[in-house]
>>> print(open('coords_32.cif').read())   # mmCIF, C-alpha atoms and all ligand atoms
data_target
loop_
_atom_site.label_atom_id
_atom_site.label_comp_id
_atom_site.auth_asym_id
_atom_site.auth_seq_id
_atom_site.Cartn_x
_atom_site.Cartn_y
_atom_site.Cartn_z
CA MET A 1 0.00 0.00 0.00
CA ALA A 2 1.42 3.41 -0.90
CA ASN A 3 1.17 5.74 2.07
CA ARG A 4 0.72 9.51 1.94
CA ARG A 5 4.41 10.10 1.57
CA GLY A 6 4.72 7.79 -1.39
CA ALA A 7 6.39 4.96 0.53
CA PHE A 8 5.03 1.43 0.57
CA ALA A 9 4.00 0.22 3.99
CA MET A 10 1.62 -2.27 5.58
CA SER A 11 -0.95 -0.41 7.66
CA THR A 12 -1.63 -1.77 11.14
CA THR A 13 -5.32 -1.36 10.37
CA GLN A 14 -5.21 -3.00 6.96
CA THR A 15 -3.29 -6.19 7.47
CA GLU A 16 -5.85 -8.22 5.53
CA ARG A 17 -7.81 -7.30 2.48
CA PRO A 18 -10.71 -9.67 1.91
CA GLN A 19 -12.63 -9.01 -1.26
CA ALA A 20 -14.76 -5.98 -0.43
CA VAL A 21 -18.52 -6.23 -0.58
CA TYR A 22 -21.01 -3.94 1.07
CA ALA A 23 -22.38 -6.30 3.73
CA LEU A 24 -25.58 -4.40 4.50
CA GLY A 25 -27.03 -4.64 1.00
CA HIS A 26 -29.39 -2.25 -0.77
CA THR A 27 -32.93 -3.33 0.13
CA PRO A 28 -35.87 -1.05 1.09
CA GLU A 29 -35.71 -2.60 4.59
CA GLU A 30 -32.04 -1.64 4.90
CA TYR A 31 -32.84 1.90 3.72
CA ASP A 32 -35.47 2.13 6.50
CA ARG A 33 -32.94 0.83 9.01
CA LEU A 34 -30.45 3.51 7.92
CA ARG A 35 -33.10 6.23 8.37
CA MET A 36 -33.98 4.89 11.83
CA GLN A 37 -30.30 4.75 12.80
CA ALA A 38 -29.71 8.27 11.47
CA ARG A 39 -32.56 9.66 13.59
CA VAL A 40 -30.96 8.11 16.68
CA TRP A 41 -27.60 9.74 16.00
CA ALA A 42 -28.88 13.14 14.80
CA ASP A 43 -28.02 14.91 18.07
CA ALA A 44 -24.57 13.31 18.31
CA THR A 45 -23.78 14.43 14.77
CA GLY A 46 -25.35 17.88 15.13
CA ARG A 47 -23.16 18.45 18.17
CA LEU A 48 -20.00 17.87 16.12
CA LEU A 49 -21.22 20.06 13.25
CA ASP A 50 -21.71 22.83 15.82
CA ARG A 51 -18.37 22.03 17.44
CA VAL A 52 -16.56 22.85 14.17
CA ALA A 53 -18.79 25.93 13.78
CA LEU A 54 -20.55 25.09 10.54
CA THR A 55 -21.83 28.50 9.49
CA PRO A 56 -24.34 29.93 6.95
CA GLY A 57 -22.99 29.86 3.40
CA ALA A 58 -20.52 27.02 4.06
CA THR A 59 -19.81 24.31 1.49
CA CYS A 60 -20.19 20.73 2.75
CA LEU A 61 -19.57 17.20 1.56
CA ASP A 62 -21.29 14.16 3.09
CA ALA A 63 -19.26 11.17 1.92
CA GLY A 64 -21.29 7.95 1.89
CA CYS A 65 -24.39 10.05 2.53
CA GLY A 66 -26.85 7.13 2.44
CA PRO A 67 -30.38 8.41 3.19
CA GLY A 68 -29.15 12.02 3.43
CA GLU A 69 -30.05 12.68 7.05
CA THR A 70 -26.70 14.35 7.78
CA MET A 71 -27.10 16.42 4.61
CA ARG A 72 -30.28 17.76 6.20
CA LEU A 73 -28.38 18.69 9.40
CA MET A 74 -25.80 20.46 7.23
CA ALA A 75 -28.42 22.27 5.13
CA GLU A 76 -30.20 23.52 8.26
CA ARG A 77 -26.93 25.09 9.41
CA THR A 78 -25.55 26.44 6.12
CA GLY A 79 -28.90 27.88 4.96
CA PRO A 80 -29.85 28.61 1.33
CA ALA A 81 -26.51 30.35 0.63
CA GLY A 82 -24.62 27.16 1.46
CA ARG A 83 -23.93 24.14 -0.71
CA VAL A 84 -24.31 20.53 0.43
CA LEU A 85 -23.13 17.68 -1.78
CA GLY A 86 -23.84 14.05 -0.92
CA ILE A 87 -21.84 11.31 -2.61
CA ASP A 88 -22.51 7.59 -2.43
CA THR A 89 -22.18 4.51 -4.63
CA ASP A 90 -25.90 3.85 -4.19
CA SER A 91 -27.54 6.18 -6.72
CA SER A 92 -31.08 4.91 -5.94
CA LEU A 93 -30.71 5.83 -2.28
CA GLY A 94 -29.07 9.12 -3.27
CA ALA A 95 -32.00 10.01 -5.54
CA MET A 96 -34.47 9.26 -2.73
CA ALA A 97 -32.42 11.34 -0.29
CA LEU A 98 -32.32 14.27 -2.68
CA ALA A 99 -36.08 14.13 -3.37
CA THR A 100 -36.78 14.20 0.38
CA LEU A 101 -34.36 17.08 0.98
CA HIS A 102 -35.72 19.16 -1.90
CA ALA A 103 -39.32 18.50 -0.78
CA ALA A 104 -38.30 19.87 2.64
CA GLY A 105 -37.00 23.04 0.95
CA HIS A 106 -33.29 22.25 1.08
CA ARG A 107 -32.62 23.15 -2.56
CA GLN A 108 -28.93 23.78 -1.80
CA CYS A 109 -28.44 20.00 -1.63
CA SER A 110 -27.19 17.91 -4.54
CA PHE A 111 -26.11 14.30 -5.04
CA HIS A 112 -23.37 12.71 -7.10
CA ALA A 113 -22.96 8.95 -7.56
CA HIS A 114 -19.32 8.30 -6.70
CA ASP A 115 -17.22 5.36 -5.51
CA LEU A 116 -14.70 6.63 -2.98
CA THR A 117 -12.49 3.59 -3.50
CA ALA A 118 -12.17 4.11 -7.25
CA GLY A 119 -9.16 6.43 -6.98
CA GLU A 120 -10.90 9.35 -8.69
CA PRO A 121 -10.72 12.83 -7.12
CA ILE A 122 -13.81 13.79 -5.16
CA PRO A 123 -16.02 16.05 -7.33
CA GLY A 124 -17.04 19.58 -6.39
CA GLY A 125 -14.33 20.42 -3.87
CA PRO A 126 -12.77 21.89 -1.94
CA PHE A 127 -15.28 22.06 0.91
CA ASP A 128 -15.41 23.94 4.21
CA LEU A 129 -16.59 20.70 5.78
CA VAL A 130 -15.94 17.15 4.67
CA TYR A 131 -17.88 14.65 6.75
CA ALA A 132 -18.30 10.85 6.77
CA ARG A 133 -20.37 8.71 9.14
CA LEU A 134 -20.39 4.90 9.22
CA LEU A 135 -18.46 4.76 5.96
CA LEU A 136 -14.85 3.84 6.81
CA PHE A 137 -16.23 0.89 8.81
CA HIS A 138 -17.06 -0.82 5.50
CA LEU A 139 -14.01 0.04 3.42
CA PRO A 140 -10.81 -2.06 3.50
CA GLN A 141 -9.18 0.94 1.77
CA ARG A 142 -10.06 3.17 4.74
CA VAL A 143 -6.67 4.91 4.96
CA GLU A 144 -6.63 5.83 1.26
CA VAL A 145 -10.24 7.01 1.43
CA LEU A 146 -9.53 9.10 4.52
CA ALA A 147 -6.57 10.73 2.75
CA ARG A 148 -8.82 11.47 -0.24
CA LEU A 149 -11.42 13.06 2.05
CA TRP A 150 -8.70 15.24 3.61
CA ASP A 151 -7.57 16.34 0.14
CA ALA A 152 -11.11 17.64 -0.44
CA VAL A 153 -11.01 19.93 2.64
CA ALA A 154 -10.42 23.62 1.87
CA PRO A 155 -7.69 25.48 3.79
CA GLY A 156 -9.26 26.57 7.07
CA GLY A 157 -11.97 23.90 6.71
CA HIS A 158 -12.61 20.73 8.71
CA LEU A 159 -12.70 16.98 8.26
CA VAL A 160 -15.16 15.30 10.65
CA VAL A 161 -15.58 11.52 10.83
CA GLN A 162 -17.89 9.45 13.02
CA ASP A 163 -17.84 5.68 13.08
CA TYR A 164 -18.77 2.70 15.20
CA ASP A 165 -16.93 0.58 17.67
CA ILE A 166 -19.35 -2.27 18.12
CA ARG A 167 -17.76 -3.40 21.38
CA GLY A 168 -20.33 -0.96 22.80
CA ILE A 169 -23.14 -3.50 22.27
CA THR A 170 -24.11 -4.97 25.66
CA VAL A 171 -27.21 -6.29 27.38
CA LEU A 172 -27.65 -6.95 31.11
CA PRO A 173 -27.92 -9.80 31.86
CA ALA A 174 -25.91 -11.23 28.95
CA LEU A 175 -28.27 -13.22 26.69
CA ALA A 176 -27.27 -16.07 24.39
CA SER A 177 -29.75 -14.87 21.74
CA VAL A 178 -28.17 -11.40 21.61
CA GLY A 179 -24.73 -13.03 21.58
CA GLU A 180 -25.66 -15.13 18.56
CA LEU A 181 -27.09 -12.21 16.57
CA THR A 182 -23.96 -10.23 17.36
CA ARG A 183 -21.68 -13.14 16.37
CA VAL A 184 -23.32 -13.43 12.97
CA ILE A 185 -23.29 -9.67 12.38
CA ILE A 186 -19.59 -9.38 13.27
CA GLY A 187 -18.76 -12.46 11.20
CA ALA A 188 -20.51 -11.06 8.15
CA PHE A 189 -18.82 -7.68 8.51
CA HIS A 190 -15.39 -9.29 8.91
CA ALA A 191 -15.99 -11.46 5.86
CA ALA A 192 -16.82 -8.31 3.90
CA GLY A 193 -13.60 -6.57 4.92
CA ALA A 194 -15.15 -4.25 7.51
CA ASP A 195 -13.40 -3.05 10.68
CA VAL A 196 -15.99 -3.26 13.47
CA HIS A 197 -13.75 -1.26 15.84
CA VAL A 198 -12.86 1.46 13.37
CA GLY A 199 -14.32 4.23 15.56
CA ALA A 200 -11.70 3.59 18.25
CA ARG A 201 -8.99 3.56 15.60
CA LEU A 202 -9.86 6.95 14.08
CA PRO A 203 -6.91 8.86 15.61
CA GLN A 204 -4.53 6.13 14.37
CA LEU A 205 -6.14 6.25 10.92
CA PHE A 206 -5.82 10.04 10.77
CA LEU A 207 -2.09 9.62 11.44
CA GLU A 208 -1.71 6.85 8.84
CA ALA A 209 -3.51 9.00 6.26
CA GLY A 210 -1.02 11.84 6.81
CA ILE A 211 -3.65 14.12 8.36
CA GLY A 212 -2.09 14.35 11.79
CA TYR A 213 -3.59 13.64 15.18
CA PRO A 214 -7.22 14.83 15.45
CA ASP A 215 -7.89 18.20 17.08
CA GLY A 216 -10.65 16.53 19.08
CA THR A 217 -12.55 13.31 19.64
CA ASP A 218 -16.05 12.53 20.84
CA VAL A 219 -17.77 9.37 22.06
CA ALA A 220 -21.55 9.01 21.88
CA GLY A 221 -23.61 6.12 23.19
CA ARG A 222 -27.21 5.07 23.58
CA LEU A 223 -28.93 3.15 26.34
CA GLU A 224 -32.46 1.80 26.00
CA PRO A 225 -34.59 -1.16 27.10
CA LEU A 226 -34.07 -4.40 25.22
CA ALA A 227 -37.72 -4.25 24.11
CA THR A 228 -36.84 -1.42 21.69
CA GLY A 229 -33.05 -1.68 21.51
CA SER A 230 -33.18 -5.16 20.04
CA ALA A 231 -34.71 -3.71 16.85
CA LEU A 232 -31.33 -2.33 15.72
CA LEU A 233 -29.71 -5.71 16.21
CA GLU A 234 -32.48 -7.68 14.50
CA ARG A 235 -32.67 -5.31 11.54
CA THR A 236 -28.89 -5.30 11.11
CA PHE A 237 -28.92 -9.10 11.33
CA ARG A 238 -31.52 -9.30 8.55
CA SER A 239 -29.52 -6.87 6.37
CA VAL A 240 -26.26 -8.85 6.64
CA LEU A 241 -27.93 -12.25 6.44
CA PRO A 242 -27.32 -12.84 2.70
CA THR A 243 -23.60 -12.15 3.24
CA ALA A 244 -23.53 -14.32 6.40
CA VAL A 245 -25.21 -17.26 4.65
CA ALA A 246 -23.02 -16.91 1.55
CA ARG A 247 -19.88 -16.99 3.75
CA GLY A 248 -21.08 -19.97 5.84
CA ILE A 249 -21.39 -17.96 9.06
CA THR A 250 -24.95 -19.16 9.60
CA THR A 251 -27.70 -20.94 7.65
CA GLU A 252 -31.20 -19.76 6.78
CA ALA A 253 -32.63 -22.29 9.25
CA ASP A 254 -30.29 -21.28 12.10
CA ALA A 255 -30.92 -17.63 11.37
CA ALA A 256 -34.69 -18.12 11.63
CA ALA A 257 -34.23 -19.91 14.97
CA SER A 258 -31.90 -17.15 16.23
CA LEU A 259 -34.39 -14.42 15.31
CA ALA A 260 -37.23 -16.31 17.01
CA SER A 261 -35.13 -16.75 20.15
CA ALA A 262 -34.13 -13.07 20.15
CA GLY A 263 -37.79 -12.08 19.74
CA ARG A 264 -38.80 -14.20 22.75
CA ASP A 265 -36.00 -12.69 24.85
CA ALA A 266 -36.95 -9.15 23.82
CA THR A 267 -40.38 -9.83 25.39
CA ARG A 268 -39.16 -11.80 28.40
CA PHE A 269 -36.33 -9.36 29.26
CA ALA A 270 -38.08 -6.29 27.86
CA GLY A 271 -36.86 -3.89 30.55
CA CYS A 272 -33.23 -5.04 30.59
CA PRO A 273 -30.73 -2.34 29.63
CA MET A 274 -29.10 -2.56 26.23
CA THR A 275 -26.37 -0.31 24.88
CA TRP A 276 -25.78 0.42 21.22
CA PRO A 277 -22.38 0.46 19.51
CA LEU A 278 -20.34 3.50 20.45
CA LEU A 279 -20.36 6.24 17.82
CA ILE A 280 -16.88 7.75 17.96
CA GLY A 281 -16.02 11.04 16.30
CA ALA A 282 -12.75 12.71 15.37
CA TRP A 283 -12.09 16.01 13.64
CA LYS A 284 -9.21 18.07 12.27
CA ARG A 285 -8.96 21.60 10.90
CA LYS A 286 -6.76 22.11 7.83
CA GLU A 287 -4.33 24.97 8.30
CA GLN A 288 -4.68 28.00 6.03
CA ALA A 289 -2.21 27.81 3.14
C1 LIG B 301 -23.97 2.48 6.86
S1 LIG B 301 -24.35 3.55 5.54
C2 LIG B 301 -24.22 5.15 6.36
C3 LIG B 301 -25.01 6.22 5.64
C4 LIG B 301 -24.92 7.62 6.25
N1 LIG B 301 -23.56 8.13 6.25
C5 LIG B 301 -25.48 7.63 7.64
O1 LIG B 301 -24.69 7.65 8.60
O2 LIG B 301 -26.71 7.63 7.78
C6 LIG B 301 -22.89 3.53 4.52
C7 LIG B 301 -23.10 4.22 3.20
O3 LIG B 301 -21.83 4.23 2.51
C8 LIG B 301 -22.08 3.95 1.16
N2 LIG B 301 -20.85 3.41 0.57
C9 LIG B 301 -20.33 2.17 0.75
N3 LIG B 301 -19.18 2.03 0.04
C10 LIG B 301 -18.98 3.21 -0.60
C11 LIG B 301 -17.97 3.69 -1.49
N4 LIG B 301 -16.96 2.90 -1.87
N5 LIG B 301 -18.06 4.96 -1.96
C12 LIG B 301 -19.09 5.75 -1.59
N6 LIG B 301 -20.09 5.34 -0.75
C13 LIG B 301 -20.03 4.09 -0.27
C14 LIG B 301 -23.23 2.96 1.16
O4 LIG B 301 -23.89 2.90 -0.09
C15 LIG B 301 -24.09 3.54 2.29
O5 LIG B 301 -25.04 4.45 1.81
#
>>> encode(input="coords_32.cif", output="structure tokens")
Amino acid sequence: MANRRGAFAMSTTQTERPQAVYALGHTPEEYDRLRMQARVWADATGRLLDRVALTPGATCLDAGCGPGETMRLMAERTGPAGRVLGIDTDSSLGAMALATLHAAGHRQCSFHAHDLTAGEPIPGGPFDLVYARLLLFHLPQRVEVLARLWDAVAPGGHLVVQDYDIRGITVLPALASVGELTRVIIGAFHAAGADVHVGARLPQLFLEAGIGYPDGTDVAGRLEPLATGSALLERTFRSVLPTAVARGITTEADAAASLASAGRDATRFAGCPMTWPLLIGAWKRKEQA
């Protein structure tokens, strides 16, 4: 791997490169799950956008924008004089995101279908804010992509990244059904080349990408009863199931039994506390030229 200084080096975070696939798939159910997840993290993301003082008229990029919920947070802050570009490989989801944003009056938003791993420069830059949430998690080329995102930041602008460390998932008491759903989810993500602890590694990745140590970091969590919290786990399990079955991590029959068991436990242990994955943020301001 060529690092930012042109030398070839093996990254500590990229020791293996399984063939990359996007483990979550592109179904309507997964799109709904992404919207649900984005609503949960809206405050945690809004806090970071305010932390880097996103102001009216600013230009913003949401890399791997998915359903466009962070684009909405950006548009609300930059106002009509700003410009918000979402890029994603999934052009269907991007078109839906844009239609929703425009219907809500955020005409300053646009979408461009773009694969961040393709080696092409990011279109439309430079930006006052380059942001990515739950993107690097999926990409074996995370250091190269991070470096590319940094290249798209204007002098004086910011790069802000938020991503999961799924060690945050816990339930008290520990339940075998939750353990099995989590095992399959992690197995599918690993098989697809994801890094399920990437959030905790963000400062290290910033260094490897030649960005420098982040100016700040942030850790957000969520605690809720298993009765509702289990929905994230079950919906993520369903989204990764085709990958998990294809890679021999579970079978359709075992998966059905696991979901039934998890459903029973969500009723029986409804009030038990469950924590979500940690959403970890890191940001860096690019010096003026
Ligand atoms: C888990 S979703 C997160 C969406 C959004 N950032 C959010 O937090 O709500 C990851 C998104 O990254 C997109 N993605 C995956 N690989 C990509 C790539 N190589 N280039 C651009 N987008 C990619 C997916 O299509 C998906 O929309």
>>> residues_around(input="coords_32.cif", residues="Ala289 in chain A", least_positions_apart="2", cutoff="9 Å", atoms="all atoms listed in the file", output="ChimeraX atom specification")
/A:155-156,286-287
>>> closest_atom_pairs(input="coords_32.cif", of="range 116-167 of chain A", to="range 23-40 of chain A", cutoff="12 Å", atoms="all atoms listed in the file", output="Markdown table")
| residue | atom | partner | partner_atom | distance |
| --- | --- | --- | --- | --- |
| A:Arg133 | CA | A:Ala38 | CA | 9.6 |
| A:Leu134 | CA | A:Ala38 | CA | 10.2 |
| A:Leu135 | CA | A:Leu24 | CA | 11.7 |
| A:Phe137 | CA | A:Ala23 | CA | 10.7 |
| A:His138 | CA | A:Ala23 | CA | 7.8 |
| A:Leu139 | CA | A:Ala23 | CA | 10.5 |
| A:Gln162 | CA | A:Ala38 | CA | 12.0 |
| A:Tyr164 | CA | A:Gln37 | CA | 12.0 |
>>> atom_distance(input="coords_32.cif", atom1="CA of Arg238 in chain A", atom2="CA of Ser258 in chain A")
11.0 Å
>>> atom_distance(input="coords_32.cif", atom1="CA of Pro225 in chain A", atom2="CA of Asp265 in chain A")
11.8 Å
>>> atom_distance(input="coords_32.cif", atom1="atom C12 of ligand LIG 301 (chain B)", atom2="CA of Ile87 in chain A")
6.3 Å
>>> residues_near_ligand(input="coords_32.cif", ligand="ligand LIG 301 (chain B)", cutoff="6 Å", atoms="all atoms listed in the file", output="PDB file with C-alpha atoms, keeping the file's coordinate frame")
ATOM      1  CA  LEU A  34     -30.450   3.510   7.920  1.00  0.00           C
ATOM      2  CA  ALA A  38     -29.710   8.270  11.470  1.00  0.00           C
ATOM      3  CA  GLY A  64     -21.290   7.950   1.890  1.00  0.00           C
ATOM      4  CA  CYS A  65     -24.390  10.050   2.530  1.00  0.00           C
ATOM      5  CA  GLY A  66     -26.850   7.130   2.440  1.00  0.00           C
ATOM      6  CA  PRO A  67     -30.380   8.410   3.190  1.00  0.00           C
ATOM      7  CA  ASP A  88     -22.510   7.590  -2.430  1.00  0.00           C
ATOM      8  CA  THR A  89     -22.180   4.510  -4.630  1.00  0.00           C
ATOM      9  CA  ASP A  90     -25.900   3.850  -4.190  1.00  0.00           C
ATOM     10  CA  HIS A 114     -19.320   8.300  -6.700  1.00  0.00           C
ATOM     11  CA  ASP A 115     -17.220   5.360  -5.510  1.00  0.00           C
ATOM     12  CA  LEU A 116     -14.700   6.630  -2.980  1.00  0.00           C
ATOM     13  CA  THR A 117     -12.490   3.590  -3.500  1.00  0.00           C
ATOM     14  CA  ALA A 132     -18.300  10.850   6.770  1.00  0.00           C
ATOM     15  CA  ARG A 133     -20.370   8.710   9.140  1.00  0.00           C
ATOM     16  CA  LEU A 134     -20.390   4.900   9.220  1.00  0.00           C
ATOM     17  CA  LEU A 135     -18.460   4.760   5.960  1.00  0.00           C
TER      18      LEU A 135
END
>>> closest_residue(input="coords_32.cif", among="A:Arg201, A:Arg72, A:His158, A:Arg77", to="Tyr131 in chain A", atoms="only C-alpha atoms")
A:His158
>>> residues_around(input="coords_32.cif", residues="range 206-221 of chain A", least_positions_apart="2", cutoff="9 Å", atoms="only C-alpha atoms", output="ChimeraX atom specification")
/A:3-5,11-12,41,44,48,142-148,150,162,168,199,201-204,223,275-286
>>> write_last_selection(input="coords_32.cif", atoms="C-alpha atoms", output="PDB file, in the coordinates of the input")
ATOM      1  CA  ASN A   3       1.170   5.740   2.070  1.00  0.00           C
ATOM      2  CA  ARG A   4       0.720   9.510   1.940  1.00  0.00           C
ATOM      3  CA  ARG A   5       4.410  10.100   1.570  1.00  0.00           C
ATOM      4  CA  SER A  11      -0.950  -0.410   7.660  1.00  0.00           C
ATOM      5  CA  THR A  12      -1.630  -1.770  11.140  1.00  0.00           C
ATOM      6  CA  TRP A  41     -27.600   9.740  16.000  1.00  0.00           C
ATOM      7  CA  ALA A  44     -24.570  13.310  18.310  1.00  0.00           C
ATOM      8  CA  LEU A  48     -20.000  17.870  16.120  1.00  0.00           C
ATOM      9  CA  ARG A 142     -10.060   3.170   4.740  1.00  0.00           C
ATOM     10  CA  VAL A 143      -6.670   4.910   4.960  1.00  0.00           C
ATOM     11  CA  GLU A 144      -6.630   5.830   1.260  1.00  0.00           C
ATOM     12  CA  VAL A 145     -10.240   7.010   1.430  1.00  0.00           C
ATOM     13  CA  LEU A 146      -9.530   9.100   4.520  1.00  0.00           C
ATOM     14  CA  ALA A 147      -6.570  10.730   2.750  1.00  0.00           C
ATOM     15  CA  ARG A 148      -8.820  11.470  -0.240  1.00  0.00           C
ATOM     16  CA  TRP A 150      -8.700  15.240   3.610  1.00  0.00           C
ATOM     17  CA  GLN A 162     -17.890   9.450  13.020  1.00  0.00           C
ATOM     18  CA  GLY A 168     -20.330  -0.960  22.800  1.00  0.00           C
ATOM     19  CA  GLY A 199     -14.320   4.230  15.560  1.00  0.00           C
ATOM     20  CA  ARG A 201      -8.990   3.560  15.600  1.00  0.00           C
ATOM     21  CA  LEU A 202      -9.860   6.950  14.080  1.00  0.00           C
ATOM     22  CA  PRO A 203      -6.910   8.860  15.610  1.00  0.00           C
ATOM     23  CA  GLN A 204      -4.530   6.130  14.370  1.00  0.00           C
ATOM     24  CA  LEU A 223     -28.930   3.150  26.340  1.00  0.00           C
ATOM     25  CA  THR A 275     -26.370  -0.310  24.880  1.00  0.00           C
ATOM     26  CA  TRP A 276     -25.780   0.420  21.220  1.00  0.00           C
ATOM     27  CA  PRO A 277     -22.380   0.460  19.510  1.00  0.00           C
ATOM     28  CA  LEU A 278     -20.340   3.500  20.450  1.00  0.00           C
ATOM     29  CA  LEU A 279     -20.360   6.240  17.820  1.00  0.00           C
ATOM     30  CA  ILE A 280     -16.880   7.750  17.960  1.00  0.00           C
ATOM     31  CA  GLY A 281     -16.020  11.040  16.300  1.00  0.00           C
ATOM     32  CA  ALA A 282     -12.750  12.710  15.370  1.00  0.00           C
ATOM     33  CA  TRP A 283     -12.090  16.010  13.640  1.00  0.00           C
ATOM     34  CA  LYS A 284      -9.210  18.070  12.270  1.00  0.00           C
ATOM     35  CA  ARG A 285      -8.960  21.600  10.900  1.00  0.00           C
ATOM     36  CA  LYS A 286      -6.760  22.110   7.830  1.00  0.00           C
TER      37      LYS A 286
END
